[in-house]
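Trainee: Input structure: work29.pdb, which contains PDB, C-alpha atoms.
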ATOM      1  CA  MET A   1      87.518 114.692  48.168
ATOM      2  CA  GLU A   2      89.700 114.272  51.160
ATOM      3  CA  LYS A   3      91.262 110.937  51.695
ATOM      4  CA  SER A   4      90.136 109.082  54.795
ATOM      5  CA  ASN A   5      93.688 108.556  55.862
ATOM      6  CA  THR A   6      95.434 111.902  55.907
ATOM      7  CA  GLY A   7      98.571 110.247  54.738
ATOM      8  CA  HIS A   8     100.392 110.338  58.026
ATOM      9  CA  THR A   9     103.693 108.778  57.373
ATOM     10  CA  ALA A  10     104.377 106.437  60.212
ATOM     11  CA  ALA A  11     107.314 107.590  62.248
ATOM     12  CA  GLY A  12     110.078 105.061  62.515
ATOM     13  CA  PHE A  13     110.616 103.103  65.711
ATOM     14  CA  LYS A  14     113.916 104.922  66.114
ATOM     15  CA  THR A  15     112.328 108.338  66.693
ATOM     16  CA  TYR A  16     110.183 106.949  69.494
ATOM     17  CA  ILE A  17     113.059 105.149  71.171
ATOM     18  CA  ILE A  18     115.217 108.292  71.100
ATOM     19  CA  THR A  19     112.296 110.271  72.576
ATOM     20  CA  TRP A  20     111.984 107.677  75.331
ATOM     21  CA  ILE A  21     115.721 107.842  76.130
ATOM     22  CA  ALA A  22     115.462 111.637  76.378
ATOM     23  CA  LEU A  23     112.452 111.296  78.723
ATOM     24  CA  VAL A  24     114.286 108.827  80.979
ATOM     25  CA  MET A  25     117.338 111.097  81.097
ATOM     26  CA  LEU A  26     115.187 114.101  82.014
ATOM     27  CA  THR A  27     113.567 112.029  84.780
ATOM     28  CA  ALA A  28     117.040 111.197  86.131
ATOM     29  CA  LEU A  29     117.906 114.904  85.928
ATOM     30  CA  THR A  30     114.794 116.023  87.831
ATOM     31  CA  ILE A  31     115.589 113.501  90.600
ATOM     32  CA  ALA A  32     119.273 114.508  90.651
ATOM     33  CA  VAL A  33     118.590 118.234  91.048
ATOM     34  CA  THR A  34     116.522 117.652  94.201
ATOM     35  CA  LYS A  35     119.848 116.892  95.924
ATOM     36  CA  PHE A  36     120.681 120.579  95.595
ATOM     37  CA  GLU A  37     118.620 123.025  97.587
ATOM     38  CA  PHE A  38     117.403 125.745  95.265
ATOM     39  CA  GLY A  39     114.797 126.856  97.796
ATOM     40  CA  ALA A  40     111.740 128.321  96.105
ATOM     41  CA  ALA A  41     113.429 127.910  92.714
ATOM     42  CA  SER A  42     113.372 124.108  93.066
ATOM     43  CA  ILE A  43     109.654 124.138  92.213
ATOM     44  CA  LEU A  44     110.385 126.186  89.105
ATOM     45  CA  VAL A  45     113.226 123.854  88.074
ATOM     46  CA  ALA A  46     110.988 120.790  88.534
ATOM     47  CA  LEU A  47     108.134 122.408  86.583
ATOM     48  CA  ALA A  48     110.496 123.466  83.799
ATOM     49  CA  ILE A  49     111.809 119.898  83.389
ATOM     50  CA  ALA A  50     108.260 118.484  83.541
ATOM     51  CA  SER A  51     107.209 120.974  80.841
ATOM     52  CA  VAL A  52     110.048 119.891  78.559
ATOM     53  CA  LYS A  53     109.078 116.239  79.106
ATOM     54  CA  SER A  54     105.435 117.025  78.310
ATOM     55  CA  GLY A  55     106.539 118.856  75.196
ATOM     56  CA  LEU A  56     108.468 115.797  73.997
ATOM     57  CA  ILE A  57     105.465 113.525  74.662
ATOM     58  CA  LEU A  58     103.083 115.910  72.879
ATOM     59  CA  TYR A  59     105.319 116.546  69.897
ATOM     60  CA  PHE A  60     106.593 113.032  69.206
ATOM     61  CA  PHE A  61     104.399 110.456  70.984
ATOM     62  CA  MET A  62     101.142 112.356  70.460
ATOM     63  CA  HIS A  63     102.054 113.165  66.840
ATOM     64  CA  LEU A  64     101.516 116.902  67.222
ATOM     65  CA  ARG A  65     104.360 117.412  64.760
ATOM     66  CA  TYR A  66     102.323 115.698  62.043
ATOM     67  CA  GLU A  67      99.091 117.540  62.782
ATOM     68  CA  ASN A  68      98.094 120.647  60.873
ATOM     69  CA  TRP A  69      98.229 124.187  62.250
ATOM     70  CA  PHE A  70      94.705 123.938  63.698
ATOM     71  CA  PHE A  71      95.696 121.313  66.267
ATOM     72  CA  LYS A  72      98.895 123.104  67.142
ATOM     73  CA  LEU A  73      97.019 126.379  67.716
ATOM     74  CA  ALA A  74      94.022 124.786  69.457
ATOM     75  CA  PHE A  75      96.398 123.332  72.003
ATOM     76  CA  LEU A  76      97.216 126.864  73.156
ATOM     77  CA  LEU A  77      93.594 127.395  74.231
ATOM     78  CA  PRO A  78      93.545 125.178  77.353
ATOM     79  CA  ILE A  79      97.045 126.411  78.235
ATOM     80  CA  LEU A  80      95.769 129.988  78.065
ATOM     81  CA  VAL A  81      92.658 129.189  80.128
ATOM     82  CA  PHE A  82      94.849 127.426  82.683
ATOM     83  CA  ALA A  83      97.336 130.305  82.858
ATOM     84  CA  LEU A  84      94.504 132.826  83.356
ATOM     85  CA  SER A  85      93.004 130.634  86.098
ATOM     86  CA  ILE A  86      96.350 130.557  87.902
ATOM     87  CA  TRP A  87      96.750 134.298  87.493
ATOM     88  CA  PHE A  88      93.327 135.205  88.874
ATOM     89  CA  THR A  89      93.547 132.659  91.694
ATOM     90  CA  PHE A  90      96.868 134.035  92.860
ATOM     91  CA  LEU A  91      95.697 137.637  92.584
ATOM     92  CA  ASP A  92      93.224 136.619  95.268
ATOM     93  CA  VAL A  93      95.735 134.623  97.341
ATOM     94  CA  TRP A  94      98.452 137.290  97.284
ATOM     95  CA  TYR A  95      96.362 140.414  97.872
ATOM     96  CA  ARG A  96      93.781 139.117 100.266
TER      97      ARG A  96
ATOM     98  CA  MET B   1      73.672 105.955  41.321
ATOM     99  CA  GLU B   2      72.010 106.414  44.673
ATOM    100  CA  ASP B   3      73.489 103.159  45.840
ATOM    101  CA  THR B   4      77.021 104.186  45.020
ATOM    102  CA  LEU B   5      76.504 107.470  46.847
ATOM    103  CA  ASN B   6      75.248 105.694  49.930
ATOM    104  CA  ASN B   7      78.114 103.318  49.794
ATOM    105  CA  THR B   8      80.696 106.057  49.704
ATOM    106  CA  ALA B   9      78.921 107.790  52.577
ATOM    107  CA  GLU B  10      79.069 104.615  54.606
ATOM    108  CA  HIS B  11      82.751 104.162  54.019
ATOM    109  CA  HIS B  12      83.668 107.766  54.513
ATOM    110  CA  ARG B  13      85.827 108.254  57.543
ATOM    111  CA  ASP B  14      86.312 111.603  59.146
ATOM    112  CA  TYR B  15      89.865 111.319  60.350
ATOM    113  CA  THR B  16      90.266 114.994  61.268
ATOM    114  CA  GLY B  17      86.907 115.043  63.040
ATOM    115  CA  ALA B  18      87.808 112.005  65.122
ATOM    116  CA  LYS B  19      91.117 113.546  66.101
ATOM    117  CA  MET B  20      89.514 116.902  66.891
ATOM    118  CA  GLY B  21      86.931 115.279  69.145
ATOM    119  CA  MET B  22      89.633 113.420  71.044
ATOM    120  CA  TRP B  23      91.761 116.527  71.514
ATOM    121  CA  LEU B  24      88.742 118.487  72.772
ATOM    122  CA  PHE B  25      88.125 115.757  75.327
ATOM    123  CA  LEU B  26      91.786 115.837  76.330
ATOM    124  CA  PHE B  27      91.556 119.611  76.829
ATOM    125  CA  THR B  28      88.761 119.088  79.370
ATOM    126  CA  GLU B  29      90.920 116.457  81.069
ATOM    127  CA  MET B  30      93.829 118.891  81.246
ATOM    128  CA  LEU B  31      91.621 121.493  82.898
ATOM    129  CA  LEU B  32      90.154 118.903  85.291
ATOM    130  CA  PHE B  33      93.613 118.075  86.614
ATOM    131  CA  GLY B  34      94.704 121.698  86.120
ATOM    132  CA  GLY B  35      92.122 122.840  88.660
ATOM    133  CA  MET B  36      93.543 120.444  91.215
ATOM    134  CA  PHE B  37      97.094 121.580  90.468
ATOM    135  CA  ILE B  38      95.988 125.156  91.238
ATOM    136  CA  LEU B  39      94.495 123.951  94.529
ATOM    137  CA  TYR B  40      97.817 122.268  95.300
ATOM    138  CA  ALA B  41      99.726 125.469  94.472
ATOM    139  CA  VAL B  42      97.525 127.616  96.708
ATOM    140  CA  TYR B  43      97.796 125.290  99.710
ATOM    141  CA  ARG B  44     101.548 124.841  99.248
ATOM    142  CA  PHE B  45     101.796 128.627  99.267
ATOM    143  CA  GLU B  46      99.750 128.818 102.495
ATOM    144  CA  TYR B  47     101.298 125.871 104.371
ATOM    145  CA  PRO B  48     104.911 125.508 103.126
ATOM    146  CA  ALA B  49     106.190 123.900 106.356
ATOM    147  CA  ASP B  50     103.424 121.269 106.544
ATOM    148  CA  PHE B  51     103.815 120.414 102.843
ATOM    149  CA  HIS B  52     107.559 120.039 103.404
ATOM    150  CA  THR B  53     107.046 117.558 106.275
ATOM    151  CA  ALA B  54     104.347 115.570 104.491
ATOM    152  CA  ALA B  55     106.169 115.317 101.140
ATOM    153  CA  LYS B  56     109.219 113.853 102.916
ATOM    154  CA  GLU B  57     107.098 110.829 103.863
ATOM    155  CA  LEU B  58     106.391 109.801 100.270
ATOM    156  CA  ASP B  59     108.523 107.052  98.725
ATOM    157  CA  THR B  60     110.632 108.716  96.004
ATOM    158  CA  THR B  61     111.933 105.363  94.736
ATOM    159  CA  LEU B  62     108.452 103.955  94.178
ATOM    160  CA  GLY B  63     107.458 107.206  92.487
ATOM    161  CA  ALA B  64     110.524 107.076  90.220
ATOM    162  CA  VAL B  65     109.892 103.439  89.307
ATOM    163  CA  ASN B  66     106.300 104.284  88.422
ATOM    164  CA  THR B  67     107.517 107.198  86.291
ATOM    165  CA  LEU B  68     109.784 104.827  84.357
ATOM    166  CA  ILE B  69     106.944 102.325  83.955
ATOM    167  CA  LEU B  70     104.554 104.939  82.545
ATOM    168  CA  LEU B  71     107.162 106.483  80.224
ATOM    169  CA  THR B  72     107.991 103.030  78.888
ATOM    170  CA  SER B  73     104.300 102.223  78.422
ATOM    171  CA  SER B  74     103.966 105.425  76.400
ATOM    172  CA  LEU B  75     106.828 104.195  74.220
ATOM    173  CA  THR B  76     105.217 100.786  73.630
ATOM    174  CA  MET B  77     101.914 102.551  72.888
ATOM    175  CA  ALA B  78     103.546 104.735  70.218
ATOM    176  CA  LEU B  79     105.375 101.679  68.846
ATOM    177  CA  SER B  80     102.127  99.696  68.573
ATOM    178  CA  ILE B  81     100.678 102.418  66.305
ATOM    179  CA  ALA B  82     103.882 102.603  64.266
ATOM    180  CA  ALA B  83     103.895  98.810  63.911
ATOM    181  CA  LEU B  84     100.270  98.785  62.752
ATOM    182  CA  GLN B  85     100.968 101.520  60.201
ATOM    183  CA  LYS B  86     103.813  99.406  58.849
ATOM    184  CA  ASN B  87     101.206  96.657  58.558
ATOM    185  CA  ARG B  88     102.838  94.503  61.225
ATOM    186  CA  LYS B  89      99.671  93.542  63.042
ATOM    187  CA  ARG B  90     101.186  90.882  65.268
ATOM    188  CA  LEU B  91     103.909  93.177  66.542
ATOM    189  CA  SER B  92     101.304  95.870  67.164
ATOM    190  CA  LEU B  93      99.265  93.450  69.283
ATOM    191  CA  VAL B  94     102.359  92.487  71.274
ATOM    192  CA  PHE B  95     103.095  96.154  72.011
ATOM    193  CA  GLN B  96      99.475  96.697  73.071
ATOM    194  CA  VAL B  97      99.680  93.814  75.534
ATOM    195  CA  VAL B  98     102.992  95.141  76.912
ATOM    196  CA  THR B  99     101.361  98.571  77.337
ATOM    197  CA  MET B 100      98.501  97.027  79.309
ATOM    198  CA  LEU B 101     100.896  94.981  81.476
ATOM    199  CA  LEU B 102     102.961  98.087  82.253
ATOM    200  CA  GLY B 103      99.750  99.920  83.186
ATOM    201  CA  ALA B 104      98.863  97.048  85.507
ATOM    202  CA  ALA B 105     102.369  97.155  87.024
ATOM    203  CA  PHE B 106     101.902 100.874  87.671
ATOM    204  CA  LEU B 107      98.650 100.166  89.507
ATOM    205  CA  GLY B 108     100.330  97.333  91.434
ATOM    206  CA  ASN B 109     102.960  99.767  92.726
ATOM    207  CA  LYS B 110     100.239 102.240  93.568
ATOM    208  CA  TYR B 111      98.507  99.524  95.595
ATOM    209  CA  VAL B 112     101.719  98.831  97.548
ATOM    210  CA  GLU B 113     102.282 102.540  98.104
ATOM    211  CA  TRP B 114      98.740 103.336  99.235
ATOM    212  CA  GLY B 115      98.714 100.140 101.313
ATOM    213  CA  ALA B 116     101.790 101.289 103.239
ATOM    214  CA  LYS B 117     100.249 104.732 103.832
ATOM    215  CA  ILE B 118      96.973 103.242 105.035
ATOM    216  CA  HIS B 119      98.907 100.794 107.227
ATOM    217  CA  HIS B 120     100.580 103.780 108.891
ATOM    218  CA  GLY B 121      97.164 105.245 109.601
ATOM    219  CA  ILE B 122      97.334 107.830 106.834
ATOM    220  CA  TYR B 123      94.087 107.858 104.895
ATOM    221  CA  PRO B 124      91.359 110.482 104.515
ATOM    222  CA  ASN B 125      89.662 111.239 107.858
ATOM    223  CA  SER B 126      91.834 108.797 109.842
ATOM    224  CA  GLY B 127      92.450 109.683 113.497
ATOM    225  CA  HIS B 128      96.220 109.836 112.977
ATOM    226  CA  LEU B 129      95.964 112.105 109.933
ATOM    227  CA  LEU B 130      93.552 114.461 111.697
ATOM    228  CA  SER B 131      96.064 114.827 114.557
ATOM    229  CA  LEU B 132      98.662 116.220 112.108
ATOM    230  CA  GLY B 133      98.934 119.846 110.997
ATOM    231  CA  LYS B 134      96.256 121.420 108.828
ATOM    232  CA  GLY B 135      98.593 121.646 105.828
ATOM    233  CA  GLN B 136      99.531 117.972 106.123
ATOM    234  CA  ILE B 137      95.859 116.980 106.085
ATOM    235  CA  LEU B 138      95.479 119.056 102.917
ATOM    236  CA  PHE B 139      98.634 117.567 101.358
ATOM    237  CA  TYR B 140      97.466 113.994 101.889
ATOM    238  CA  GLY B 141      93.935 114.885 100.795
ATOM    239  CA  LEU B 142      95.339 116.201  97.526
ATOM    240  CA  TYR B 143      97.726 113.238  97.278
ATOM    241  CA  PHE B 144      94.935 110.681  97.561
ATOM    242  CA  ILE B 145      92.474 112.480  95.266
ATOM    243  CA  MET B 146      95.032 113.369  92.568
ATOM    244  CA  THR B 147      96.956 110.089  92.423
ATOM    245  CA  GLY B 148      93.628 108.279  92.885
ATOM    246  CA  LEU B 149      91.967 110.047  89.959
ATOM    247  CA  HIS B 150      95.117 109.494  87.925
ATOM    248  CA  GLY B 151      95.111 105.798  88.830
ATOM    249  CA  LEU B 152      91.474 105.597  87.755
ATOM    250  CA  HIS B 153      92.540 107.017  84.385
ATOM    251  CA  VAL B 154      95.221 104.324  84.079
ATOM    252  CA  LEU B 155      92.608 101.678  84.870
ATOM    253  CA  ILE B 156      90.226 103.110  82.235
ATOM    254  CA  GLY B 157      93.140 103.234  79.773
ATOM    255  CA  ILE B 158      93.771  99.506  80.267
ATOM    256  CA  GLY B 159      90.047  98.908  79.665
ATOM    257  CA  VAL B 160      90.211 100.932  76.430
ATOM    258  CA  PHE B 161      93.223  98.892  75.274
ATOM    259  CA  LEU B 162      91.315  95.662  75.840
ATOM    260  CA  PHE B 163      88.842  96.946  73.242
ATOM    261  CA  MET B 164      91.678  98.091  70.959
ATOM    262  CA  PHE B 165      93.280  94.652  71.188
ATOM    263  CA  TYR B 166      89.983  93.088  70.125
ATOM    264  CA  PHE B 167      89.486  95.663  67.322
ATOM    265  CA  THR B 168      93.011  95.143  66.017
ATOM    266  CA  LYS B 169      92.651  91.387  66.137
ATOM    267  CA  SER B 170      89.301  91.481  64.316
ATOM    268  CA  GLY B 171      90.554  93.976  61.726
ATOM    269  CA  THR B 172      88.267  96.897  62.691
ATOM    270  CA  VAL B 173      91.468  98.724  63.515
ATOM    271  CA  ALA B 174      93.924  98.183  60.694
ATOM    272  CA  GLU B 175      96.776  99.740  58.785
ATOM    273  CA  ASP B 176      94.474 102.020  56.756
ATOM    274  CA  ASN B 177      92.060 102.736  59.620
ATOM    275  CA  SER B 178      94.005 103.243  62.811
ATOM    276  CA  VAL B 179      92.346 106.370  64.219
ATOM    277  CA  LYS B 180      90.725 104.467  67.113
ATOM    278  CA  LEU B 181      94.077 103.147  68.238
ATOM    279  CA  GLU B 182      95.678 106.560  67.706
ATOM    280  CA  ASN B 183      93.039 108.225  69.882
ATOM    281  CA  ALA B 184      93.437 105.572  72.591
ATOM    282  CA  GLY B 185      97.154 106.368  72.409
ATOM    283  CA  LEU B 186      96.491 110.108  72.812
ATOM    284  CA  TYR B 187      94.511 109.361  75.982
ATOM    285  CA  TRP B 188      97.296 107.167  77.343
ATOM    286  CA  HIS B 189      99.968 109.773  76.621
ATOM    287  CA  LEU B 190      97.920 112.488  78.341
ATOM    288  CA  VAL B 191      97.648 110.286  81.439
ATOM    289  CA  ASP B 192     101.441 109.964  81.216
ATOM    290  CA  ILE B 193     101.861 113.752  80.992
ATOM    291  CA  ILE B 194      99.717 114.241  84.105
ATOM    292  CA  TRP B 195     101.988 111.836  85.984
ATOM    293  CA  VAL B 196     105.041 113.737  84.702
ATOM    294  CA  PHE B 197     103.737 116.690  86.750
ATOM    295  CA  LEU B 198     102.387 114.702  89.710
ATOM    296  CA  PHE B 199     105.718 112.959  90.310
ATOM    297  CA  PRO B 200     107.928 116.001  91.028
ATOM    298  CA  LEU B 201     105.174 117.948  92.806
ATOM    299  CA  PHE B 202     104.353 115.205  95.311
ATOM    300  CA  TYR B 203     107.460 113.027  95.534
ATOM    301  CA  LEU B 204     110.429 115.230  94.749
ATOM    302  CA  ILE B 205     109.859 118.760  96.000
ATOM    303  CA  THR B 206     109.845 118.877  99.772
TER     304      THR B 206
END
What does the file become when written as structure tokens?

Mentor:
Amino acid sequence: MEKSNTGHTAAGFKTYIITWIALVMLTALTIAVTKFEFGAASILVALAIASVKSGLILYFFMHLRYENWFFKLAFLLPILVFALSIWFTFLDVWYR
Amino acid sequence: MEDTLNNTAEHHRDYTGAKMGMWLFLFTEMLLFGGMFILYAVYRFEYPADFHTAAKELDTTLGAVNTLILLTSSLTMALSIAALQKNRKRLSLVFQVVTMLLGAAFLGNKYVEWGAKIHHGIYPNSGHLLSLGKGQILFYGLYFIMTGLHGLHVLIGIGVFLFMFYFTKSGTVAEDNSVKLENAGLYWHLVDIIWVFLFPLFYLIT
């Protein structure tokens, strides 16, 4: 029978603190790059940095790295639904 | 025999099931905010000039401070689980209280920020706002609904942690049974992730 506790080894405090430092540095970076005018690309740069930050939060803080393959795969489902929603919405916006 | 069976059934905990349920709920939350992000994208595409003017009015410093507060609260949340799993209950409780205080500080800043906007006559359906461009009305509409719904999530998160504090103190949540606290943490981190996207889209990009 399966054990009630799936034997998640508790991550050390150090991992979390390093993750936090990385998140703060990325926040500083996303503020710093607004000084440069990338034009339309500035949205993409901001979204790219935000995605990396989310990835760090998901992987370390939200323990996705300890979860089994099901959780890692299931996470792709809402991302896929969201991407399709964006795609179909903008098909309408662009070609109207 | 029957008694022992019943006993094991009572004490059986479905860790994976609890986690799965929480993640499913978080997926619906992602799509709830996702829909609003699409709305934002469409209107930014249609009214780039108005969005540019309106976004300039938001206080980047306050937004940055709130980002730091939420990121730090996510850290203390993760640390409270780690502390509990190392069987350091007291430390875990301290981290939970710090998480709640940081959440309250976030809402305090939000109050100051919204207060200033409302003081300047910018709130949904205000005469001043309606005199601005169509895109600006949409920008502030999205600003109030998205940061407002996010703030509501922070408030609910603090409420959930009040329960977690009680559960941890009473021993319902403990070293060998921490899934409630872990799921509360997942919720808190998701609220943090949503802010990670709200911050650049409203405060940074002009």

Trainee: Hey, list the chain B side of the contact with chain A: 7 Å cut-off, all atoms listed in the file, answer as a ChimeraX atom specification.

Mentor: /B:12-15,27,31,34,38,68,71,75,78-79,82,85,176,186,189,193,196-197,200,204-205

Trainee: If we count all atoms listed in the file and set the cut-off at 12 Å, which residues sit around Phe165 in chain B, ignoring sequence neighbours fewer than 5 positions away in its own chain? Please answer as a list of chain:residue names.

Mentor: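 What passes the distance filter is B:Met77, B:Ser80, B:Ile81, B:Leu84, B:Lys89, B:Arg90, B:Leu91, B:Ser92, B:Leu93, B:Val94, B:Phe95, B:Gln96, B:Val97, B:Val98, B:Thr99, B:Met100, B:Ile158, B:Gly159, B:Val160, B:Ser170, B:Gly171, B:Thr172, B:Val173, B:Ala174, B:Lys180, B:Leu181, B:Ala184.
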
Trainee: Any chance you could resolve the PyMOL selection byres ((chain B and resi 113-125) around 9) against this file and give the residues as a PDB file with C-alpha atoms, in the frame of the given file?

Mentor:
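Once written, result.pdb looks like this:
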ATOM      1  CA  LEU B  58     106.391 109.801 100.270  1.00  0.00           C
ATOM      2  CA  ASP B  59     108.523 107.052  98.725  1.00  0.00           C
ATOM      3  CA  LEU B  62     108.452 103.955  94.178  1.00  0.00           C
ATOM      4  CA  GLY B  63     107.458 107.206  92.487  1.00  0.00           C
ATOM      5  CA  GLY B 108     100.330  97.333  91.434  1.00  0.00           C
ATOM      6  CA  ASN B 109     102.960  99.767  92.726  1.00  0.00           C
ATOM      7  CA  LYS B 110     100.239 102.240  93.568  1.00  0.00           C
ATOM      8  CA  TYR B 111      98.507  99.524  95.595  1.00  0.00           C
ATOM      9  CA  VAL B 112     101.719  98.831  97.548  1.00  0.00           C
ATOM     10  CA  SER B 126      91.834 108.797 109.842  1.00  0.00           C
ATOM     11  CA  GLY B 127      92.450 109.683 113.497  1.00  0.00           C
ATOM     12  CA  HIS B 128      96.220 109.836 112.977  1.00  0.00           C
ATOM     13  CA  LEU B 129      95.964 112.105 109.933  1.00  0.00           C
ATOM     14  CA  LEU B 130      93.552 114.461 111.697  1.00  0.00           C
ATOM     15  CA  ILE B 137      95.859 116.980 106.085  1.00  0.00           C
ATOM     16  CA  TYR B 140      97.466 113.994 101.889  1.00  0.00           C
ATOM     17  CA  GLY B 141      93.935 114.885 100.795  1.00  0.00           C
ATOM     18  CA  PHE B 144      94.935 110.681  97.561  1.00  0.00           C
TER      19      PHE B 144
END

Trainee: When you draw a straight line from CA of Ile69 in chain B to CA of Gly103 in chain B, how long is it in Å?

Mentor: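 Taking CA of Ile69 in chain B and CA of Gly103 in chain B, their separation equals 7.6 Å.
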
Trainee: What does the distance between CA of Ala41 in chain B and CA of Leu73 in chain A come to in Å, to one decimal place?

Mentor: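 Here the two named atoms are 26.9 Å from each other.
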
Trainee: Give the answer as one residue: which of B:Gly21, B:Trp195, B:Thr60, B:Asn177 has the shortest atom-to-atom distance to Phe106 in chain B, using only C-alpha atoms?

Mentor: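 The closest residue to Phe106 in chain B is B:Trp195.
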
Trainee: Excluding Leu70 in chain B and its own-chain neighbours fewer than 4 positions away, which residues fall within 7 Å of it when counting all atoms listed in the file? Please give them as a list in words.

Mentor: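 The neighbour list is Asn66, Ser74, Gly103 and Asp192 of chain B.
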
Trainee: What separation in Å, quoted to one decimal, exists between CA of Ala54 in chain B and CA of Gln136 in chain B?

Mentor: 5.6 Å
